[in-house]
Structures are given as C-alpha cells and as structure tokens.
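Source file: upload-v1.txt (compact mmCIF, C-alpha atoms and all ligand atoms)
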# COMPACT_ATOMS: atom_id res chain seq x y z
CA MET V 1 0.00 0.00 0.00
CA PRO V 2 1.42 3.43 -0.92
CA ARG V 3 1.51 6.18 1.70
CA THR V 4 -1.95 7.74 1.89
CA VAL V 5 -3.70 10.84 3.22
CA LEU V 6 -7.16 10.70 4.74
CA VAL V 7 -9.27 13.77 3.95
CA ILE V 8 -12.17 14.58 6.26
CA ASN V 9 -14.94 17.09 5.63
CA SER V 10 -17.10 17.11 8.73
CA GLY V 11 -20.48 18.87 8.58
CA SER V 12 -23.25 19.30 11.12
CA SER V 13 -24.93 15.97 10.39
CA SER V 14 -22.56 14.33 7.94
CA ILE V 15 -18.92 13.36 7.51
CA LYS V 16 -17.44 12.94 4.04
CA TYR V 17 -14.08 11.28 3.74
CA GLN V 18 -11.66 10.16 1.09
CA LEU V 19 -8.44 8.19 1.28
CA ILE V 20 -6.03 9.48 -1.33
CA ASP V 21 -2.70 8.41 -2.74
CA PRO V 22 -1.18 11.90 -3.00
CA VAL V 23 1.65 10.87 -5.30
CA ALA V 24 -0.58 9.23 -7.90
CA GLY V 25 -3.33 11.78 -7.16
CA THR V 26 -5.98 9.06 -7.01
CA PRO V 27 -8.60 8.12 -4.43
CA LEU V 28 -8.35 4.63 -2.90
CA ALA V 29 -11.49 4.84 -0.80
CA ASN V 30 -14.27 7.26 -0.10
CA GLY V 31 -17.43 7.44 1.88
CA VAL V 32 -20.08 9.53 3.50
CA VAL V 33 -21.76 9.18 6.87
CA GLU V 34 -25.13 10.91 6.90
CA ARG V 35 -27.93 11.66 9.36
CA ILE V 36 -25.58 11.74 12.34
CA GLY V 37 -27.63 12.04 15.52
CA GLU V 38 -30.50 9.98 14.13
CA SER V 39 -31.52 6.35 14.55
CA ASP V 40 -31.55 5.80 10.79
CA GLY V 41 -28.08 7.14 10.13
CA VAL V 42 -26.42 5.76 7.04
CA ILE V 43 -22.91 5.11 5.85
CA ASN V 44 -21.95 4.55 2.25
CA HIS V 45 -18.37 3.40 1.80
CA SER V 46 -16.38 2.32 -1.26
CA ASP V 47 -12.86 1.03 -1.46
CA THR V 48 -10.80 -1.54 -3.32
CA HIS V 49 -12.95 -4.28 -1.73
CA GLY V 50 -16.19 -2.85 -3.13
CA ASN V 51 -19.11 -0.75 -1.97
CA VAL V 52 -21.14 -1.09 1.25
CA GLU V 53 -24.16 0.79 2.52
CA GLU V 54 -25.38 0.33 6.08
CA THR V 55 -28.22 1.98 7.98
CA THR V 56 -27.74 2.14 11.72
CA ASN V 57 -28.08 4.34 14.78
CA ILE V 58 -25.32 6.97 14.59
CA ALA V 59 -25.45 8.88 17.86
CA ASP V 60 -22.74 11.47 17.21
CA HIS V 61 -19.61 12.32 15.21
CA ASP V 62 -17.62 9.91 17.36
CA ASP V 63 -19.92 7.07 16.33
CA GLY V 64 -19.90 8.22 12.72
CA LEU V 65 -16.14 8.33 12.31
CA ARG V 66 -15.70 5.04 14.20
CA LEU V 67 -18.12 3.45 11.75
CA ALA V 68 -16.12 4.84 8.84
CA PHE V 69 -12.85 3.56 10.32
CA ASP V 70 -14.44 0.13 10.89
CA MET V 71 -15.19 0.01 7.18
CA PHE V 72 -11.49 0.09 6.41
CA SER V 73 -10.98 -3.07 8.44
CA ARG V 74 -14.17 -4.91 7.54
CA ASP V 75 -12.41 -7.68 5.62
CA GLY V 76 -10.24 -8.80 8.50
CA GLY V 77 -7.52 -6.22 7.86
CA SER V 78 -6.83 -3.20 10.02
CA LEU V 79 -6.77 0.55 9.52
CA SER V 80 -2.97 0.52 9.71
CA ASP V 81 -2.88 -1.58 6.52
CA TRP V 82 -3.95 1.61 4.70
CA ASN V 83 -0.73 3.39 5.57
CA ILE V 84 -2.23 6.76 6.50
CA VAL V 85 0.59 9.29 6.98
CA ALA V 86 -1.53 12.44 7.44
CA VAL V 87 -5.11 13.55 7.85
CA GLY V 88 -6.31 16.67 6.04
CA HIS V 89 -9.34 18.45 7.47
CA ARG V 90 -11.47 20.96 5.62
CA VAL V 91 -12.06 23.96 7.86
CA VAL V 92 -14.39 26.63 6.54
CA HIS V 93 -13.30 29.78 8.35
CA GLY V 94 -9.70 30.68 9.11
CA GLY V 95 -10.46 34.35 9.76
CA THR V 96 -7.43 36.63 9.41
CA VAL V 97 -5.35 34.16 11.41
CA PHE V 98 -4.79 31.26 9.02
CA SER V 99 -3.47 31.96 5.56
CA GLN V 100 -1.84 28.55 5.03
CA PRO V 101 -2.57 24.89 5.72
CA THR V 102 -1.69 24.41 9.37
CA ILE V 103 -0.66 21.42 11.50
CA ILE V 104 -3.36 21.03 14.12
CA THR V 105 -2.30 21.49 17.73
CA ASP V 106 -4.43 22.20 20.80
CA ASP V 107 -3.70 25.90 20.25
CA VAL V 108 -4.92 25.74 16.66
CA VAL V 109 -8.10 24.03 17.84
CA ARG V 110 -8.72 26.81 20.36
CA THR V 111 -8.21 29.48 17.71
CA VAL V 112 -10.57 27.77 15.24
CA GLU V 113 -13.06 27.55 18.09
CA LYS V 114 -12.81 31.31 18.62
CA LEU V 115 -13.41 31.86 14.90
CA SER V 116 -16.70 29.97 15.20
CA THR V 117 -18.53 33.24 15.83
CA LEU V 118 -17.77 34.08 12.17
CA ALA V 119 -18.96 30.69 10.89
CA PRO V 120 -21.35 29.30 13.47
CA LEU V 121 -22.81 26.71 11.09
CA HIS V 122 -19.49 25.42 9.80
CA ASN V 123 -16.54 25.68 12.17
CA PRO V 124 -18.11 23.80 15.12
CA PRO V 125 -18.87 20.64 13.06
CA ASN V 126 -15.43 20.92 11.39
CA LEU V 127 -13.94 20.93 14.89
CA LEU V 128 -15.95 17.89 15.94
CA GLY V 129 -14.42 15.94 13.07
CA ILE V 130 -10.95 17.13 14.04
CA GLU V 131 -11.42 16.22 17.69
CA VAL V 132 -12.67 12.71 16.96
CA ALA V 133 -10.10 11.99 14.24
CA ARG V 134 -7.20 13.19 16.40
CA ARG V 135 -8.34 10.84 19.14
CA MET V 136 -8.67 7.91 16.76
CA LEU V 137 -5.45 8.55 14.83
CA PRO V 138 -3.20 10.12 17.48
CA ASP V 139 0.09 9.18 15.83
CA VAL V 140 -0.23 10.97 12.49
CA PRO V 141 -0.17 14.71 11.85
CA HIS V 142 -3.55 16.36 11.28
CA VAL V 143 -3.59 19.36 8.98
CA ALA V 144 -6.29 22.02 8.74
CA VAL V 145 -6.91 23.40 5.25
CA PHE V 146 -8.95 26.59 5.32
CA ASP V 147 -11.58 27.59 2.76
CA THR V 148 -10.71 31.24 3.32
CA ALA V 149 -6.91 30.95 3.11
CA PHE V 150 -6.45 31.55 -0.63
CA PHE V 151 -8.13 34.94 -0.26
CA HIS V 152 -5.89 36.35 2.45
CA THR V 153 -4.07 38.22 -0.36
CA LEU V 154 -7.13 40.32 -1.25
CA PRO V 155 -6.12 43.98 -1.33
CA GLN V 156 -7.59 46.18 1.40
CA ALA V 157 -9.80 47.94 -1.15
CA ALA V 158 -11.41 44.62 -2.10
CA LYS V 159 -11.82 43.25 1.40
CA THR V 160 -13.10 46.35 3.18
CA TYR V 161 -16.83 47.02 3.54
CA ALA V 162 -17.76 50.69 3.64
CA ILE V 163 -19.25 50.79 7.12
CA ASP V 164 -18.05 52.45 10.33
CA SER V 165 -14.52 51.14 10.57
CA ALA V 166 -14.57 50.79 14.34
CA VAL V 167 -17.68 48.61 14.14
CA ALA V 168 -16.14 46.53 11.36
CA GLU V 169 -12.94 46.09 13.35
CA LYS V 170 -14.75 45.15 16.55
CA HIS V 171 -16.83 42.47 14.85
CA GLY V 172 -14.34 41.21 12.27
CA ILE V 173 -16.52 42.40 9.42
CA GLN V 174 -14.61 42.21 6.15
CA ARG V 175 -14.54 40.10 2.99
CA TYR V 176 -12.90 36.72 3.70
CA GLY V 177 -14.01 34.73 0.65
CA PHE V 178 -14.77 30.98 0.54
CA HIS V 179 -14.27 27.99 -1.81
CA GLY V 180 -10.61 29.07 -1.72
CA THR V 181 -9.28 25.52 -1.96
CA SER V 182 -11.21 25.08 -5.19
CA HIS V 183 -10.29 28.48 -6.66
CA GLU V 184 -6.60 27.87 -5.99
CA TYR V 185 -6.62 24.29 -7.28
CA VAL V 186 -8.51 25.22 -10.44
CA SER V 187 -6.48 28.34 -11.21
CA ARG V 188 -3.21 26.40 -10.81
CA ARG V 189 -4.53 23.60 -13.03
CA ALA V 190 -5.64 26.15 -15.64
CA ALA V 191 -2.15 27.66 -15.77
CA GLU V 192 -0.63 24.18 -16.06
CA PHE V 193 -3.06 23.29 -18.83
CA LEU V 194 -2.06 26.39 -20.77
CA GLY V 195 1.63 25.76 -20.08
CA LYS V 196 2.01 29.23 -18.56
CA PRO V 197 3.69 30.19 -15.27
CA TYR V 198 1.01 30.69 -12.60
CA ASP V 199 2.22 34.19 -11.82
CA SER V 200 2.24 35.31 -15.46
CA ILE V 201 -1.48 35.39 -16.21
CA ASN V 202 -4.74 36.96 -15.08
CA GLN V 203 -7.55 34.54 -14.39
CA ILE V 204 -11.24 34.53 -13.59
CA VAL V 205 -12.48 31.34 -11.97
CA LEU V 206 -16.21 30.63 -11.91
CA HIS V 207 -17.00 27.96 -9.32
CA LEU V 208 -20.64 27.18 -10.09
CA GLY V 209 -22.00 24.42 -7.88
CA ASN V 210 -24.82 24.39 -5.40
CA GLY V 211 -22.80 27.11 -3.71
CA ALA V 212 -21.25 29.46 -6.27
CA SER V 213 -18.48 32.02 -6.30
CA ALA V 214 -16.21 33.82 -8.72
CA SER V 215 -12.65 34.94 -8.17
CA ALA V 216 -10.13 37.20 -9.85
CA VAL V 217 -6.59 35.83 -9.68
CA GLN V 218 -4.00 38.31 -10.90
CA ALA V 219 -0.45 37.07 -11.45
CA GLY V 220 -1.04 34.13 -9.12
CA GLN V 221 -2.69 36.08 -6.28
CA ALA V 222 -6.37 36.30 -5.46
CA VAL V 223 -7.39 39.96 -5.78
CA ASP V 224 -11.16 39.68 -5.53
CA THR V 225 -13.95 37.21 -4.89
CA THR V 226 -17.72 37.32 -4.69
CA MET V 227 -18.25 35.72 -1.28
CA GLY V 228 -17.75 37.99 1.68
CA LEU V 229 -17.96 37.85 5.45
CA THR V 230 -20.04 34.71 4.90
CA PRO V 231 -20.70 32.46 1.89
CA LEU V 232 -23.96 34.32 1.27
CA GLU V 233 -22.71 37.21 -0.84
CA GLY V 234 -22.20 37.34 -4.60
CA LEU V 235 -23.57 34.99 -7.23
CA VAL V 236 -27.05 33.47 -7.28
CA MET V 237 -26.77 29.96 -5.75
CA GLY V 238 -28.91 26.87 -5.32
CA THR V 239 -30.66 28.14 -2.21
CA ARG V 240 -28.70 31.30 -1.31
CA SER V 241 -29.60 34.75 -2.55
CA GLY V 242 -26.15 36.12 -3.26
CA ASP V 243 -26.06 39.94 -3.46
CA ILE V 244 -29.08 41.78 -2.11
CA ASP V 245 -29.53 45.36 -0.91
CA PRO V 246 -28.97 45.17 2.88
CA GLY V 247 -31.85 47.65 3.09
CA ALA V 248 -34.15 44.81 2.00
CA LEU V 249 -33.18 42.89 5.13
CA LEU V 250 -33.88 45.89 7.35
CA HIS V 251 -37.22 46.21 5.63
CA LEU V 252 -38.08 42.56 6.26
CA LEU V 253 -37.06 42.92 9.92
CA ARG V 254 -38.98 46.16 10.46
CA VAL V 255 -41.99 45.83 8.24
CA GLY V 256 -42.12 42.15 7.28
CA GLY V 257 -42.07 40.94 10.88
CA TYR V 258 -39.20 38.53 10.28
CA SER V 259 -37.06 37.28 13.15
CA VAL V 260 -33.30 37.03 12.67
CA ASP V 261 -33.51 33.23 12.36
CA GLU V 262 -36.31 33.46 9.81
CA LEU V 263 -34.26 35.88 7.77
CA ASP V 264 -31.28 33.55 7.96
CA GLN V 265 -33.47 30.69 6.75
CA LEU V 266 -34.92 32.81 3.95
CA LEU V 267 -31.57 33.99 2.61
CA ASN V 268 -29.59 30.77 3.06
CA ARG V 269 -32.15 28.08 2.37
CA GLN V 270 -35.11 29.51 0.51
CA SER V 271 -33.56 31.93 -1.93
CA GLY V 272 -31.44 31.65 -5.06
CA LEU V 273 -32.70 29.25 -7.72
CA LYS V 274 -35.01 27.63 -5.17
CA GLY V 275 -36.60 30.86 -4.01
CA LEU V 276 -37.20 32.08 -7.53
CA SER V 277 -38.24 28.87 -9.27
CA GLY V 278 -39.06 26.30 -6.56
CA VAL V 279 -36.10 24.04 -7.46
CA ASN V 280 -32.47 24.32 -6.40
CA ASP V 281 -31.00 21.73 -8.73
CA PHE V 282 -29.85 23.10 -12.06
CA ARG V 283 -31.02 20.03 -13.97
CA ALA V 284 -34.53 20.47 -12.57
CA LEU V 285 -34.42 24.15 -13.52
CA SER V 286 -33.42 23.29 -17.09
CA GLU V 287 -36.27 20.77 -17.23
CA LEU V 288 -38.78 23.46 -16.15
CA ILE V 289 -37.42 25.87 -18.76
CA SER V 290 -37.78 23.27 -21.49
CA GLN V 291 -41.43 22.86 -20.44
CA GLY V 292 -41.96 26.59 -21.03
CA ASP V 293 -42.05 27.67 -17.37
CA GLU V 294 -41.58 31.44 -17.49
CA GLN V 295 -40.58 31.85 -13.88
CA ALA V 296 -37.84 29.25 -14.39
CA LYS V 297 -36.63 31.21 -17.41
CA LEU V 298 -36.52 34.42 -15.35
CA THR V 299 -34.56 32.55 -12.66
CA TYR V 300 -32.03 31.47 -15.25
CA ASP V 301 -31.77 35.01 -16.60
CA VAL V 302 -31.11 36.41 -13.12
CA TYR V 303 -28.43 33.76 -12.58
CA ILE V 304 -26.68 34.59 -15.86
CA HIS V 305 -27.02 38.35 -15.38
CA ARG V 306 -25.22 38.21 -12.02
CA LEU V 307 -22.50 36.01 -13.43
CA ARG V 308 -21.80 38.30 -16.39
CA LYS V 309 -21.72 41.31 -14.12
CA TYR V 310 -18.85 39.84 -12.11
CA VAL V 311 -16.95 38.62 -15.16
CA GLY V 312 -17.07 42.19 -16.45
CA ALA V 313 -16.07 43.68 -13.11
CA TYR V 314 -13.09 41.36 -12.70
CA MET V 315 -11.84 41.96 -16.24
CA LEU V 316 -11.77 45.65 -15.52
CA GLU V 317 -10.26 45.27 -12.05
CA MET V 318 -7.34 43.29 -13.43
CA GLY V 319 -6.98 45.40 -16.57
CA GLY V 320 -7.73 42.38 -18.73
CA VAL V 321 -7.94 38.64 -18.40
CA ASP V 322 -6.04 35.77 -20.04
CA VAL V 323 -8.22 32.86 -19.01
CA ILE V 324 -11.74 32.30 -17.74
CA THR V 325 -12.38 28.89 -16.20
CA PHE V 326 -15.63 27.15 -15.35
CA THR V 327 -15.74 24.55 -12.59
CA ALA V 328 -18.00 22.61 -10.13
CA GLY V 329 -21.31 20.86 -10.85
CA VAL V 330 -22.94 23.49 -13.06
CA GLY V 331 -19.73 24.94 -14.48
CA GLU V 332 -18.45 21.52 -15.53
CA ASN V 333 -21.72 20.10 -16.82
CA ALA V 334 -23.97 22.84 -18.16
CA PRO V 335 -22.75 24.00 -21.61
CA GLN V 336 -25.69 26.39 -21.97
CA VAL V 337 -24.62 28.31 -18.86
CA ARG V 338 -21.06 28.61 -20.18
CA ALA V 339 -22.31 29.78 -23.57
CA ASP V 340 -24.74 32.34 -22.12
CA ALA V 341 -22.31 33.62 -19.50
CA LEU V 342 -19.86 34.66 -22.22
CA ALA V 343 -22.15 35.26 -25.21
CA GLY V 344 -21.55 38.29 -27.44
CA LEU V 345 -18.17 39.21 -25.96
CA GLU V 346 -16.16 38.80 -29.16
CA ARG V 347 -15.10 42.42 -29.16
CA LEU V 348 -13.66 41.90 -25.68
CA GLY V 349 -11.63 39.03 -27.11
CA ILE V 350 -13.81 36.24 -25.72
CA ALA V 351 -15.26 33.69 -28.13
CA VAL V 352 -16.64 30.33 -27.02
CA ASP V 353 -16.47 27.55 -29.62
CA SER V 354 -19.93 25.99 -29.60
CA ALA V 355 -18.78 22.54 -30.76
CA ALA V 356 -15.99 22.34 -28.16
CA ASN V 357 -18.37 23.67 -25.50
CA ALA V 358 -20.97 20.99 -26.27
CA GLU V 359 -18.52 18.09 -26.05
CA ARG V 360 -18.90 15.93 -22.97
CA VAL V 361 -15.38 15.03 -21.95
CA LYS V 362 -13.81 14.52 -18.59
CA GLY V 363 -10.75 16.44 -17.51
CA PRO V 364 -9.51 19.95 -18.25
CA ARG V 365 -10.37 21.25 -21.69
CA MET V 366 -10.41 24.41 -23.79
CA ILE V 367 -13.77 25.60 -25.10
CA SER V 368 -12.76 28.90 -26.73
CA THR V 369 -12.16 29.29 -30.47
CA PRO V 370 -8.54 29.24 -31.70
CA ASP V 371 -8.65 33.00 -32.32
CA SER V 372 -10.21 33.94 -28.97
CA ALA V 373 -7.69 36.20 -27.21
CA VAL V 374 -8.98 34.97 -23.87
CA ALA V 375 -8.75 31.21 -23.26
CA VAL V 376 -11.97 29.76 -21.89
CA LEU V 377 -11.52 26.47 -20.02
CA VAL V 378 -13.48 23.86 -18.14
CA VAL V 379 -11.40 22.43 -15.31
CA PRO V 380 -12.98 19.91 -12.93
CA THR V 381 -12.42 20.90 -9.33
CA ASN V 382 -11.17 18.39 -6.77
CA GLU V 383 -11.16 19.89 -3.30
CA GLU V 384 -10.36 16.56 -1.64
CA LEU V 385 -7.23 16.10 -3.71
CA ALA V 386 -6.20 19.69 -3.05
CA ILE V 387 -6.60 19.14 0.71
CA ALA V 388 -4.68 15.84 0.50
CA LEU V 389 -1.83 17.52 -1.39
CA ALA V 390 -1.72 20.38 1.10
CA ALA V 391 -1.55 17.92 4.02
CA TRP V 392 1.06 15.82 2.19
CA ASP V 393 3.20 18.91 1.62
CA MET V 394 3.13 19.64 5.35
CA VAL V 395 4.51 16.23 6.28
P1 LIG X 401 -21.78 20.85 -6.78
O1 LIG X 401 -22.20 21.68 -5.61
O2 LIG X 401 -20.47 21.24 -7.38
O3 LIG X 401 -21.88 19.37 -6.53
O4 LIG X 401 -22.86 21.15 -7.96
C1 LIG X 401 -24.21 20.84 -7.80
C2 LIG X 401 -24.99 21.49 -8.93
O5 LIG X 401 -24.49 21.01 -10.19
C3 LIG X 401 -26.48 21.19 -8.92
O6 LIG X 401 -27.20 22.39 -9.17
C4 LIG X 401 -26.65 20.24 -10.09
O7 LIG X 401 -27.90 20.36 -10.66
C5 LIG X 401 -25.59 20.74 -11.03
N1 LIG X 401 -25.30 19.71 -12.03
C6 LIG X 401 -24.74 18.51 -11.85
N2 LIG X 401 -24.70 17.82 -13.01
C7 LIG X 401 -25.29 18.61 -13.94
C8 LIG X 401 -25.59 18.48 -15.35
N3 LIG X 401 -25.26 17.38 -16.02
N4 LIG X 401 -26.18 19.53 -15.96
C9 LIG X 401 -26.50 20.65 -15.29
N5 LIG X 401 -26.27 20.82 -13.99
C10 LIG X 401 -25.67 19.83 -13.33
As a first step, turn the structure in this file into structure tokens.
Amino acid sequence: MPRTVLVINSGSSSIKYQLIDPVAGTPLANGVVERIGESDGVINHSDTHGNVEETTNIADHDDGLRLAFDMFSRDGGSLSDWNIVAVGHRVVHGGTVFSQPTIITDDVVRTVEKLSTLAPLHNPPNLLGIEVARRMLPDVPHVAVFDTAFFHTLPQAAKTYAIDSAVAEKHGIQRYGFHGTSHEYVSRRAAEFLGKPYDSINQIVLHLGNGASASAVQAGQAVDTTMGLTPLEGLVMGTRSGDIDPGALLHLLRVGGYSVDELDQLLNRQSGLKGLSGVNDFRALSELISQGDEQAKLTYDVYIHRLRKYVGAYMLEMGGVDVITFTAGVGENAPQVRADALAGLERLGIAVDSAANAERVKGPRMISTPDSAVAVLVVPTNEELAIALAAWDMV
C-alpha cells in the first residue's frame, strides 16, 4: 500500500471522507456518513474491496467516524494496513489568522473555536471531526486546510466594507471569501493546462456548484472574490440569494415581521434558484425551462445576469484577463450556462467555440475558439485532492 492521506470534511450531520494516494493523485477509498444524531443514520463506503451501505443508529460524530474507520478493516484487515501518513481536514473559516494549511495542535483548535462566531454553522462541526479523528489517529499529523486561506491576499480595497470602521474592526466584518481551496486548485490547473507560469497570467475562476463564487486571480494572487464575510454574498446559488440590498433585510425585519432566524433561513435556504423557481437543482431548472415555465426562465436570466456582471467587473479590475475557467457541478456540466455567461463578448476578445463547448469530456479542456484572445476552459475541481496535497506537503 502506498503512503496515503485521509481527507475529512465534517459537517453538522454528515462526515465525508476520502483516502487518497497523494503521489498518484488518485482516491483509494471514499465514503459519506449521513444523518448523524439519528436512529436511521447511514454510511456509504467504497474502497478496493467494493461498496457497502449500512443503515444504523449513529449517535454522534464519534460514532460516525468510528463506523467509517471500521469500514477500512471490515475484511479482517486493520486501519494501519492503509498506511495513513496524514489527515487533512477541511475547515471553513480561518479568519485573518490562518493563511496557510496548518498542522493542528491544541492551540490551533482553540483558535478555530474562537473563529466559530464568524462561521457558526461550519466551524463547530469541522472541529468535531478534528477532535474525533485526532483521538482515533493520534500518531499521524492532522492538517487544517482553510476555505478562506487563498483569499488572504485580497487587497484592502477589495476586502473592506464601507461601514463604520470601528464597528467593522470590533466584529471582524470584512470580505474573507470561501471555496478558496477550489479556486486555488482550479487556477493552478488552468495555468498548467495552458503551459504558462502561474504568476504570469490573469484569471477569472467561476465555481458554479450548489454554492457558487467567482474569483479574480491576478499574477497568481487572489485579488477579488464574490463571497464575503459569509458564503452568502455574490452569485445566485442553489438556495442562497447572493447579493441583495442590505436595506431589504432591514425592511423585512422592520416591516415584514421577520425574526433574525427566519431571515437567515430565507436567505440561506429559501432563496437563489429555489426561491425564484421552486427548485435548487440546475437540472430540474433546465427541465422546467424546457417545459416553457416562465418563472424558471426568469430565474435562469437572473443567474446569468449576475454572473456576467462579475466577469465584467473582474476583467476591468485586473486590466484584462487571459483565461476564464468554469468549474463545479454546473460549471463543468452545463454548456448552456457557459455559452450564455460569455455570449456576445467577441469584441472583448472572448469567443466560445460551440462545438468544443458541447462536447462531454472529462478532464480539463479548452472551449474557446482558436482566435479567442482569452482562453476559456473547463477544469474539474477536486477539493479533496487539493486538501490531500496540502496535508502531504506539510509532512
Ligand atoms: P456541486 O455543488 O459542485 O456538486 O454542484 C451541484 C450542482 O451542479 C447542482 O445544481 C446540479 O444540478 C448541477 N449539475 C450537476 N450535473 C449537472 C448536469 N449534467 N447539468 C446541469 N447541472 C448539473
């Protein structure tokens, strides 16, 4: 067995994990534990011995991760047979403290705990995963890889909100950005694909999944991104609103009778594609559009409008762009979105080749015409591999 890295992404009621050979860059096992805290919890695990699904009572994260570890030894072997040399943990919020992958110590845990006020839905379950995994695998280094880290280079002008600076300072209110692991991985892959040094080109990365964000990466450094203090700002997402006039929230609080929790629910879970059309899955939205549903069409138009607005803004901010890359579920699989996002921009040097765009191929690919000054790419994201490589680098 080669040396491997276990990657853990621990959420409030689920734990996703992948065992990766960092040298070959391939997964050897993966799984997901869902409905933690419920009597009908479920684990789905695949490795070289095949796939298993089991429904059982999973009381807490401890139980969940133990169940996952048991899967690795279900055929009479033991976990040590898998030769795990590091564990990489996805941590959502690193605040201004963590700008790099970091070996987890008790001090690091305490700091991530403190940052939980900025990400109350994410950091606490990330920490639960860390705590349990450190107990179960005490002899290997655990590395935290932060979703915000790639964006620590944002210039002050991009990260500062124009509110009372003392209030902002007191409450840590600034743009942090998220999906950083994906934006960095994809922008590095795009440069590799083009055979250009990472620090020699200007890039726009469009991470369009259920969550969605765009970034501007100038000469190898992130200079802007659409997500802000929280992952709610920016593009239209599956269930999140993205940009909205903050005055609308005040109005809903004052006049609409909303409580803070109701507003949170509205903006995070009942907005975006779902709020506008009733469905949050892009395939379902496309299906509604093909049936002539006008509200679904409007939803799509709002989605594309927001996307184009940021592409334009980032081109101007960087004084031009060399490559625009689509990634994540929608970005990798919805050719219509790619075509509409960049339609009619020939005089800005952007021309998508419709045949190349329509092709369904795996792996990084170019979808712009040979004479497009700006390269347009599709590059599949792989956050687990990026986390594994970061952890591997640390050890
Ligand atoms: P992610 O969060 O990256 O897993 O992306 C999830 C989103 O990708 C959902 O909105 C899916 O509907 C969308 N998606 C996945 N496959 C396709 C596809 N073949 N065509 C359009 N959208 C897709």
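Within the 6 Å cut-off around V:Ser277, using only C-alpha atoms and omitting residues fewer than 4 positions from it on the same chain, the listed residues are V:Leu273, V:Gln295, V:Ala296.
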Skip V:Ile173 itself and residues of its chain fewer than 3 positions away, then list as an mmCIF file with C-alpha atoms, in the frame of the given file all residues within 7 Å of it, counting all atoms listed in the file.
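File out-v5.cif, as written:
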data_model
loop_
_atom_site.group_PDB
_atom_site.id
_atom_site.type_symbol
_atom_site.label_atom_id
_atom_site.label_comp_id
_atom_site.auth_asym_id
_atom_site.auth_seq_id
_atom_site.Cartn_x
_atom_site.Cartn_y
_atom_site.Cartn_z
ATOM 1 C CA ALA V 168 -16.140 46.530 11.360
ATOM 2 C CA GLU V 169 -12.940 46.090 13.350
ATOM 3 C CA LEU V 229 -17.960 37.850 5.450
#
**Item:** Within-8 Å residues of ligand LIG 401 (chain X), basis all atoms listed in the file, as a list of chain:residue names
**Value:**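 So, counting all atoms listed in the file, the residues near ligand LIG 401 (chain X) are V:His207, V:Leu208, V:Gly209, V:Asn210, V:Gly211, V:Ala212, V:Gly238, V:Asn280, V:Asp281, V:Phe282, V:Arg283, V:Ala284, V:Ser286, V:Thr327, V:Ala328, V:Gly329, V:Val330, V:Gly331, V:Glu332, V:Asn333, V:Ala334, V:Pro335.
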query = Which distance in Å separates atom CA of V:Ala373 and atom CA of V:Ser200, to one decimal?
reply =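 Taking atom CA of V:Ala373 and atom CA of V:Ser200, their separation equals 15.4 Å.
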- Task: May I have the protein, DNA and RNA residues with an atom at most 10 Å from (-26.7, 9.9, 9.2), counting all atoms listed in the file in the file's coordinates, returned as JSON, numbers by chain?
- Result: {"V": [13, 14, 15, 32, 33, 34, 35, 36, 37, 38, 39, 40, 41, 42, 43, 44, 55, 56, 57, 58, 59, 60, 61, 64]}
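Using all atoms listed in the file for every distance, the candidate list V:Leu206, V:Val87, V:Met318, V:Val323 yields V:Val323 as the residue closest to V:Ala190.
Here atom CA of V:Leu65 and atom CA of V:Gly129 stand 7.8 Å from one another.
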Judged by only C-alpha atoms, the minimum distance to V:Asp106 among V:Val321, V:Ala86, V:Leu127, V:Leu285 is found for V:Leu127
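Residues within 8 Å of V:His183, counting only C-alpha atoms and excluding same-chain residues fewer than 6 positions away, are Phe150, Val205, His207 and Ser215 of chain V.
Minimum atom-to-atom distances from V:Glu262, V:Glu384, V:Asp63, V:Pro125 to V:Pro22 were compared using only C-alpha atoms, and the lowest value belongs to V:Glu384.
Across the model, the gap from atom CA of V:Arg240 to atom CA of V:Arg269 is 6.0 Å.
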Just the residues within 6 Å of stretch 338-351 of chain V, please, counting all atoms listed in the file, with nothing from its chain fewer than 6 positions along; format it as a PyMOL selection string.
chain V and resi 304+308+368-369+372-374
